Amino acid sequence: MPRTGAFIAIVALAASRLAVAEPLAIHIHSEHAMFQVLISPGAVGTDNFVLQLMSGDGNLLQVKQATLVLSQPERGIEPMERKASPGADGYWHVHDVPIPNPGRWHVRIEAVTAFRKITLEDDFDVPAR
């Protein structure tokens, strides 16, 4: 019977990790653009960002360059700028971004197209562990 208890403990641990694995999602829009930002795992530590950069009508923007800028002014964390890389999925990716603290963060996304630079920003909350 001890094996059954160990199995239950492993299943419970896996289930708790799955609950945490849900990425944070931020939707930022203006009349000219909509940016969906997925933050995974969306917790304190090292996170990955997926930037879905779309025009105001919902079509993918043809972007030449994308930049993620994060800050946490309340904790004195100055803006951290990271260049995004295009992925095979048509979205832009930023890997291994440190999020050292829970709380409210400010995100700014800069997308450069052939014709202009589009900047959208918003705040998001990172839960405490």
# chains A, B, ... in the order shown; residues from 1 in each chain; ligands from 1
>>> residues_around(residues="stretch 44-59 of chain A", least_positions_apart="3", cutoff="6 Å", atoms="only C-alpha atoms", output="list in words")
Glu31, His32, Ala33, Met34, Phe35, Gln36, Val37, Leu38, Ile39, Ser40, Pro41, Tyr91, Trp92, His93, Val94, His95, Asp96, Val97, Pro98, Ile99, Pro100, Asn101 and Pro102 of chain A
>>> write_last_selection(atoms="N, CA and C atoms", output="compact mmCIF listing (two decimals), in the first residue's frame")
# COMPACT_ATOMS: atom_id res chain seq x y z
N GLU A 31 -6.64 51.90 -31.77
CA GLU A 31 -7.42 51.81 -33.01
C GLU A 31 -6.60 51.23 -34.17
N HIS A 32 -5.27 51.26 -34.05
CA HIS A 32 -4.41 50.78 -35.15
C HIS A 32 -3.79 49.41 -34.91
N ALA A 33 -3.81 48.94 -33.66
CA ALA A 33 -3.12 47.67 -33.37
C ALA A 33 -3.73 46.98 -32.16
N MET A 34 -3.53 45.64 -32.13
CA MET A 34 -3.90 44.80 -30.98
C MET A 34 -2.72 43.88 -30.70
N PHE A 35 -2.27 43.89 -29.47
CA PHE A 35 -1.17 43.02 -29.08
C PHE A 35 -1.68 42.09 -27.98
N GLN A 36 -1.56 40.80 -28.23
CA GLN A 36 -1.84 39.78 -27.21
C GLN A 36 -0.48 39.33 -26.68
N VAL A 37 -0.29 39.41 -25.38
CA VAL A 37 0.97 39.04 -24.76
C VAL A 37 0.71 37.85 -23.83
N LEU A 38 1.41 36.75 -24.09
CA LEU A 38 1.29 35.55 -23.24
C LEU A 38 2.59 35.41 -22.45
N ILE A 39 2.44 35.26 -21.13
CA ILE A 39 3.60 35.17 -20.24
C ILE A 39 3.54 33.80 -19.57
N SER A 40 4.59 33.00 -19.81
CA SER A 40 4.58 31.64 -19.30
C SER A 40 5.85 31.35 -18.52
N PRO A 41 5.78 30.87 -17.31
CA PRO A 41 4.58 30.38 -16.66
C PRO A 41 3.72 31.47 -16.01
N TYR A 91 4.50 34.48 -34.55
CA TYR A 91 4.53 35.39 -33.41
C TYR A 91 5.97 35.72 -33.04
N TRP A 92 6.13 36.69 -32.16
CA TRP A 92 7.45 37.10 -31.70
C TRP A 92 7.66 36.56 -30.29
N HIS A 93 8.89 36.11 -30.00
CA HIS A 93 9.18 35.43 -28.74
C HIS A 93 10.35 36.09 -28.02
N VAL A 94 10.23 36.14 -26.69
CA VAL A 94 11.32 36.58 -25.82
C VAL A 94 11.45 35.51 -24.74
N HIS A 95 12.62 34.91 -24.66
CA HIS A 95 12.84 33.80 -23.73
C HIS A 95 13.67 34.25 -22.52
N ASP A 96 13.48 33.54 -21.44
CA ASP A 96 14.30 33.68 -20.23
C ASP A 96 14.32 35.11 -19.68
N VAL A 97 13.14 35.67 -19.49
CA VAL A 97 13.03 37.02 -18.93
C VAL A 97 12.88 36.90 -17.41
N PRO A 98 13.78 37.53 -16.65
CA PRO A 98 13.66 37.43 -15.20
C PRO A 98 12.51 38.30 -14.66
N ILE A 99 11.69 37.67 -13.81
CA ILE A 99 10.66 38.40 -13.07
C ILE A 99 10.94 38.10 -11.60
N PRO A 100 11.74 38.95 -10.95
CA PRO A 100 12.21 38.63 -9.60
C PRO A 100 11.19 38.84 -8.48
N ASN A 101 10.14 39.61 -8.76
CA ASN A 101 9.19 39.95 -7.69
C ASN A 101 7.75 39.75 -8.13
N PRO A 102 6.89 39.40 -7.19
CA PRO A 102 5.45 39.43 -7.50
C PRO A 102 4.98 40.88 -7.51
>>> residues_around(residues="A:Thr67", least_positions_apart="2", cutoff="8 Å", atoms="only C-alpha atoms", output="compact mmCIF listing (two decimals) with N, CA and C atoms, in the first residue's frame")
# COMPACT_ATOMS: atom_id res chain seq x y z
N GLN A 65 10.78 44.39 -36.48
CA GLN A 65 11.47 44.30 -35.20
C GLN A 65 10.45 44.48 -34.09
N VAL A 69 9.64 45.69 -23.17
CA VAL A 69 10.24 46.50 -22.11
C VAL A 69 9.40 46.28 -20.85
N GLU A 81 14.93 46.11 -21.26
CA GLU A 81 14.57 45.99 -22.68
C GLU A 81 15.12 44.68 -23.24
N ARG A 82 14.26 43.94 -23.94
CA ARG A 82 14.65 42.68 -24.59
C ARG A 82 14.13 42.65 -26.01
N LYS A 83 14.99 42.33 -26.94
CA LYS A 83 14.58 42.16 -28.34
C LYS A 83 13.85 40.83 -28.50
N ALA A 84 12.78 40.85 -29.25
CA ALA A 84 12.03 39.62 -29.54
C ALA A 84 12.54 39.01 -30.84
N ILE A 109 5.37 47.26 -25.37
CA ILE A 109 5.75 46.52 -26.58
C ILE A 109 5.94 47.53 -27.69
N GLU A 110 7.09 47.46 -28.34
CA GLU A 110 7.39 48.33 -29.48
C GLU A 110 7.51 47.45 -30.72
N ALA A 111 6.70 47.73 -31.72
CA ALA A 111 6.74 46.96 -32.97
C ALA A 111 7.06 47.92 -34.12
>>> select_by_dssp(residues="chain A", states="strand (DSSP E)", output="ChimeraX atom specification")
/A:24-29,33-40,45-55,63-72,77-83,85-86,92-99,103-113,117-126
>>> residues_around(residues="A:Met80", least_positions_apart="6", cutoff="9 Å", atoms="only C-alpha atoms", output="list in words")
Leu68, Val69, Leu70 and Ser71 of chain A
>>> write_last_selection(atoms="N, CA and C atoms", output="CSV table (one decimal), in the first residue's frame")
chain,number,residue,atom,x,y,z
A,68,LEU,N,10.4,44.1,-26.2
A,68,LEU,CA,9.6,44.0,-24.9
A,68,LEU,C,10.4,44.8,-23.9
A,69,VAL,N,9.6,45.7,-23.2
A,69,VAL,CA,10.2,46.5,-22.1
A,69,VAL,C,9.4,46.3,-20.8
A,70,LEU,N,10.0,45.8,-19.8
A,70,LEU,CA,9.4,45.6,-18.5
A,70,LEU,C,10.0,46.5,-17.4
A,71,SER,N,9.1,46.9,-16.5
A,71,SER,CA,9.6,47.6,-15.3
A,71,SER,C,8.6,47.4,-14.2
>>> select_by_dssp(residues="chain A", states="helix (DSSP H, G or I)", output="list in words")
Pro2, Arg3, Thr4, Gly5, Ala6, Phe7, Ile8, Ala9, Ile10, Val11, Ala12, Leu13, Ala14, Ala15, Ser16, Arg17, Leu18, Ala19, Val20, Pro73, Glu74 and Arg75 of chain A
>>> write_last_selection(atoms="C-alpha atoms", output="short mmCIF file (atom, residue, chain, number, x, y, z; two decimals), in the first residue's frame")
data_model
loop_
_atom_site.label_atom_id
_atom_site.label_comp_id
_atom_site.auth_asym_id
_atom_site.auth_seq_id
_atom_site.Cartn_x
_atom_site.Cartn_y
_atom_site.Cartn_z
CA PRO A 2 2.86 2.53 0.44
CA ARG A 3 3.17 2.67 -3.35
CA THR A 4 -0.43 3.88 -3.62
CA GLY A 5 0.32 6.76 -1.26
CA ALA A 6 3.40 7.72 -3.28
CA PHE A 7 1.38 7.58 -6.49
CA ILE A 8 -1.31 9.85 -5.02
CA ALA A 9 1.37 12.31 -3.87
CA ILE A 10 2.92 12.40 -7.36
CA VAL A 11 -0.48 12.96 -9.00
CA ALA A 12 -1.28 15.77 -6.53
CA LEU A 13 2.08 17.42 -7.22
CA ALA A 14 1.59 17.16 -10.99
CA ALA A 15 -1.92 18.62 -10.70
CA SER A 16 -0.67 21.58 -8.67
CA ARG A 17 2.03 22.27 -11.26
CA LEU A 18 -0.55 22.14 -14.06
CA ALA A 19 -2.66 24.72 -12.24
CA VAL A 20 0.35 27.06 -12.06
CA PRO A 73 8.51 51.22 -10.66
CA GLU A 74 7.06 50.56 -7.19
CA ARG A 75 10.05 48.34 -6.41
#
>>> closest_residue(among="A:Ser85, A:Gln72, A:Ile77, A:Gly103", to="A:Pro127", atoms="only C-alpha atoms")
A:Gly103
>>> atom_distance(atom1="atom CA of A:Ala114", atom2="atom CA of A:Leu60")
13.7 Å
>>> closest_residue(among="A:Pro86, A:Leu120, A:Gly76, A:Arg104", to="A:Val63", atoms="only C-alpha atoms")
A:Pro86
>>> atom_distance(atom1="atom CA of A:Arg108", atom2="atom CA of A:Ile28")
9.8 Å
>>> atom_distance(atom1="atom CA of A:Ile26", atom2="atom CA of A:Glu78")
20.7 Å
>>> closest_residue(among="A:Ala128, A:Ala66, A:Ala25, A:Lys117", to="A:Gly87", atoms="only C-alpha atoms")
A:Ala66
>>> decode(residues="stretch 87-123 of chain A", atoms="N, CA, C and O atoms", output="CSV table (one decimal), in the first residue's frame")
chain,number,residue,atom,x,y,z
A,87,GLY,N,9.1,33.8,-34.5
A,87,GLY,CA,9.0,32.3,-34.4
A,87,GLY,C,8.3,31.8,-35.6
A,87,GLY,O,7.7,32.5,-36.4
A,88,ALA,N,8.4,30.5,-35.8
A,88,ALA,CA,7.8,29.7,-36.9
A,88,ALA,C,6.3,29.8,-36.8
A,88,ALA,O,5.6,29.7,-37.9
A,89,ASP,N,5.7,30.2,-35.7
A,89,ASP,CA,4.3,30.3,-35.5
A,89,ASP,C,3.7,31.6,-36.0
A,89,ASP,O,2.6,31.9,-35.9
A,90,GLY,N,4.6,32.5,-36.4
A,90,GLY,CA,4.2,33.9,-36.9
A,90,GLY,C,4.2,34.9,-35.8
A,90,GLY,O,3.9,36.1,-36.0
A,91,TYR,N,4.5,34.5,-34.5
A,91,TYR,CA,4.5,35.4,-33.4
A,91,TYR,C,6.0,35.7,-33.0
A,91,TYR,O,6.9,35.1,-33.5
A,92,TRP,N,6.1,36.7,-32.2
A,92,TRP,CA,7.5,37.1,-31.7
A,92,TRP,C,7.7,36.6,-30.3
A,92,TRP,O,6.7,36.5,-29.5
A,93,HIS,N,8.9,36.1,-30.0
A,93,HIS,CA,9.2,35.4,-28.7
A,93,HIS,C,10.4,36.1,-28.0
A,93,HIS,O,11.3,36.5,-28.7
A,94,VAL,N,10.2,36.1,-26.7
A,94,VAL,CA,11.3,36.6,-25.8
A,94,VAL,C,11.5,35.5,-24.7
A,94,VAL,O,10.5,35.2,-24.0
A,95,HIS,N,12.6,34.9,-24.7
A,95,HIS,CA,12.8,33.8,-23.7
A,95,HIS,C,13.7,34.2,-22.5
A,95,HIS,O,14.5,35.2,-22.6
A,96,ASP,N,13.5,33.5,-21.4
A,96,ASP,CA,14.3,33.7,-20.2
A,96,ASP,C,14.3,35.1,-19.7
A,96,ASP,O,15.4,35.7,-19.4
A,97,VAL,N,13.1,35.7,-19.5
A,97,VAL,CA,13.0,37.0,-18.9
A,97,VAL,C,12.9,36.9,-17.4
A,97,VAL,O,12.0,36.2,-16.9
A,98,PRO,N,13.8,37.5,-16.7
A,98,PRO,CA,13.7,37.4,-15.2
A,98,PRO,C,12.5,38.3,-14.7
A,98,PRO,O,12.4,39.5,-15.0
A,99,ILE,N,11.7,37.7,-13.8
A,99,ILE,CA,10.7,38.4,-13.1
A,99,ILE,C,10.9,38.1,-11.6
A,99,ILE,O,10.5,37.1,-11.1
A,100,PRO,N,11.7,38.9,-10.9
A,100,PRO,CA,12.2,38.6,-9.6
A,100,PRO,C,11.2,38.8,-8.5
A,100,PRO,O,11.4,38.3,-7.4
A,101,ASN,N,10.1,39.6,-8.8
A,101,ASN,CA,9.2,40.0,-7.7
A,101,ASN,C,7.7,39.8,-8.1
A,101,ASN,O,7.4,40.0,-9.3
A,102,PRO,N,6.9,39.4,-7.2
A,102,PRO,CA,5.5,39.4,-7.5
A,102,PRO,C,5.0,40.9,-7.5
A,102,PRO,O,5.7,41.8,-7.2
A,103,GLY,N,3.7,41.1,-7.9
A,103,GLY,CA,3.2,42.4,-7.9
A,103,GLY,C,2.9,43.0,-9.2
A,103,GLY,O,2.9,42.2,-10.2
A,104,ARG,N,2.6,44.3,-9.3
A,104,ARG,CA,2.3,44.9,-10.5
A,104,ARG,C,3.5,45.3,-11.3
A,104,ARG,O,4.4,45.9,-10.8
A,105,TRP,N,3.5,44.9,-12.6
A,105,TRP,CA,4.6,45.2,-13.6
A,105,TRP,C,4.0,46.0,-14.7
A,105,TRP,O,2.8,45.9,-15.0
A,106,HIS,N,4.9,46.8,-15.3
A,106,HIS,CA,4.5,47.6,-16.5
A,106,HIS,C,5.2,47.0,-17.7
A,106,HIS,O,6.4,46.7,-17.7
A,107,VAL,N,4.4,46.8,-18.8
A,107,VAL,CA,4.9,46.2,-20.0
A,107,VAL,C,4.7,47.2,-21.1
A,107,VAL,O,3.7,47.8,-21.2
A,108,ARG,N,5.7,47.4,-22.0
A,108,ARG,CA,5.6,48.2,-23.2
A,108,ARG,C,6.1,47.3,-24.3
A,108,ARG,O,7.2,46.7,-24.2
A,109,ILE,N,5.4,47.3,-25.4
A,109,ILE,CA,5.8,46.5,-26.6
A,109,ILE,C,5.9,47.5,-27.7
A,109,ILE,O,5.0,48.3,-28.0
A,110,GLU,N,7.1,47.5,-28.3
A,110,GLU,CA,7.4,48.3,-29.5
A,110,GLU,C,7.5,47.4,-30.7
A,110,GLU,O,8.3,46.5,-30.7
A,111,ALA,N,6.7,47.7,-31.7
A,111,ALA,CA,6.7,47.0,-33.0
A,111,ALA,C,7.1,47.9,-34.1
A,111,ALA,O,6.4,48.9,-34.3
A,112,VAL,N,8.1,47.6,-34.9
A,112,VAL,CA,8.5,48.4,-36.0
A,112,VAL,C,8.0,47.7,-37.3
A,112,VAL,O,8.4,46.6,-37.6
A,113,THR,N,7.2,48.4,-38.1
A,113,THR,CA,6.7,47.9,-39.4
A,113,THR,C,7.5,48.7,-40.5
A,113,THR,O,8.3,49.5,-40.2
A,114,ALA,N,7.2,48.4,-41.7
A,114,ALA,CA,7.9,49.1,-42.8
A,114,ALA,C,7.5,50.6,-42.8
A,114,ALA,O,8.2,51.4,-43.4
A,115,PHE,N,6.4,50.9,-42.2
A,115,PHE,CA,5.9,52.3,-42.3
A,115,PHE,C,5.9,53.1,-41.0
A,115,PHE,O,5.9,54.3,-41.0
A,116,ARG,N,5.9,52.4,-39.8
A,116,ARG,CA,5.9,53.2,-38.6
A,116,ARG,C,6.3,52.3,-37.4
A,116,ARG,O,6.4,51.1,-37.5
A,117,LYS,N,6.4,52.9,-36.3
A,117,LYS,CA,6.7,52.3,-35.0
A,117,LYS,C,5.4,52.4,-34.2
A,117,LYS,O,4.8,53.4,-34.0
A,118,ILE,N,4.9,51.2,-33.7
A,118,ILE,CA,3.7,51.1,-32.9
A,118,ILE,C,4.1,50.8,-31.5
A,118,ILE,O,4.8,49.7,-31.3
A,119,THR,N,3.7,51.5,-30.5
A,119,THR,CA,4.0,51.3,-29.1
A,119,THR,C,2.7,51.2,-28.3
A,119,THR,O,1.9,52.1,-28.3
A,120,LEU,N,2.5,50.0,-27.6
A,120,LEU,CA,1.4,49.8,-26.8
A,120,LEU,C,1.9,49.4,-25.4
A,120,LEU,O,2.9,48.7,-25.3
A,121,GLU,N,1.2,49.8,-24.3
A,121,GLU,CA,1.7,49.5,-23.0
A,121,GLU,C,0.5,49.2,-22.1
A,121,GLU,O,-0.6,49.7,-22.3
A,122,ASP,N,0.8,48.5,-21.0
A,122,ASP,CA,-0.2,48.2,-20.0
A,122,ASP,C,0.5,47.7,-18.7
A,122,ASP,O,1.7,47.5,-18.7
A,123,ASP,N,-0.3,47.4,-17.7
A,123,ASP,CA,0.2,46.8,-16.5
A,123,ASP,C,-0.4,45.3,-16.4
A,123,ASP,O,-1.4,45.0,-16.9
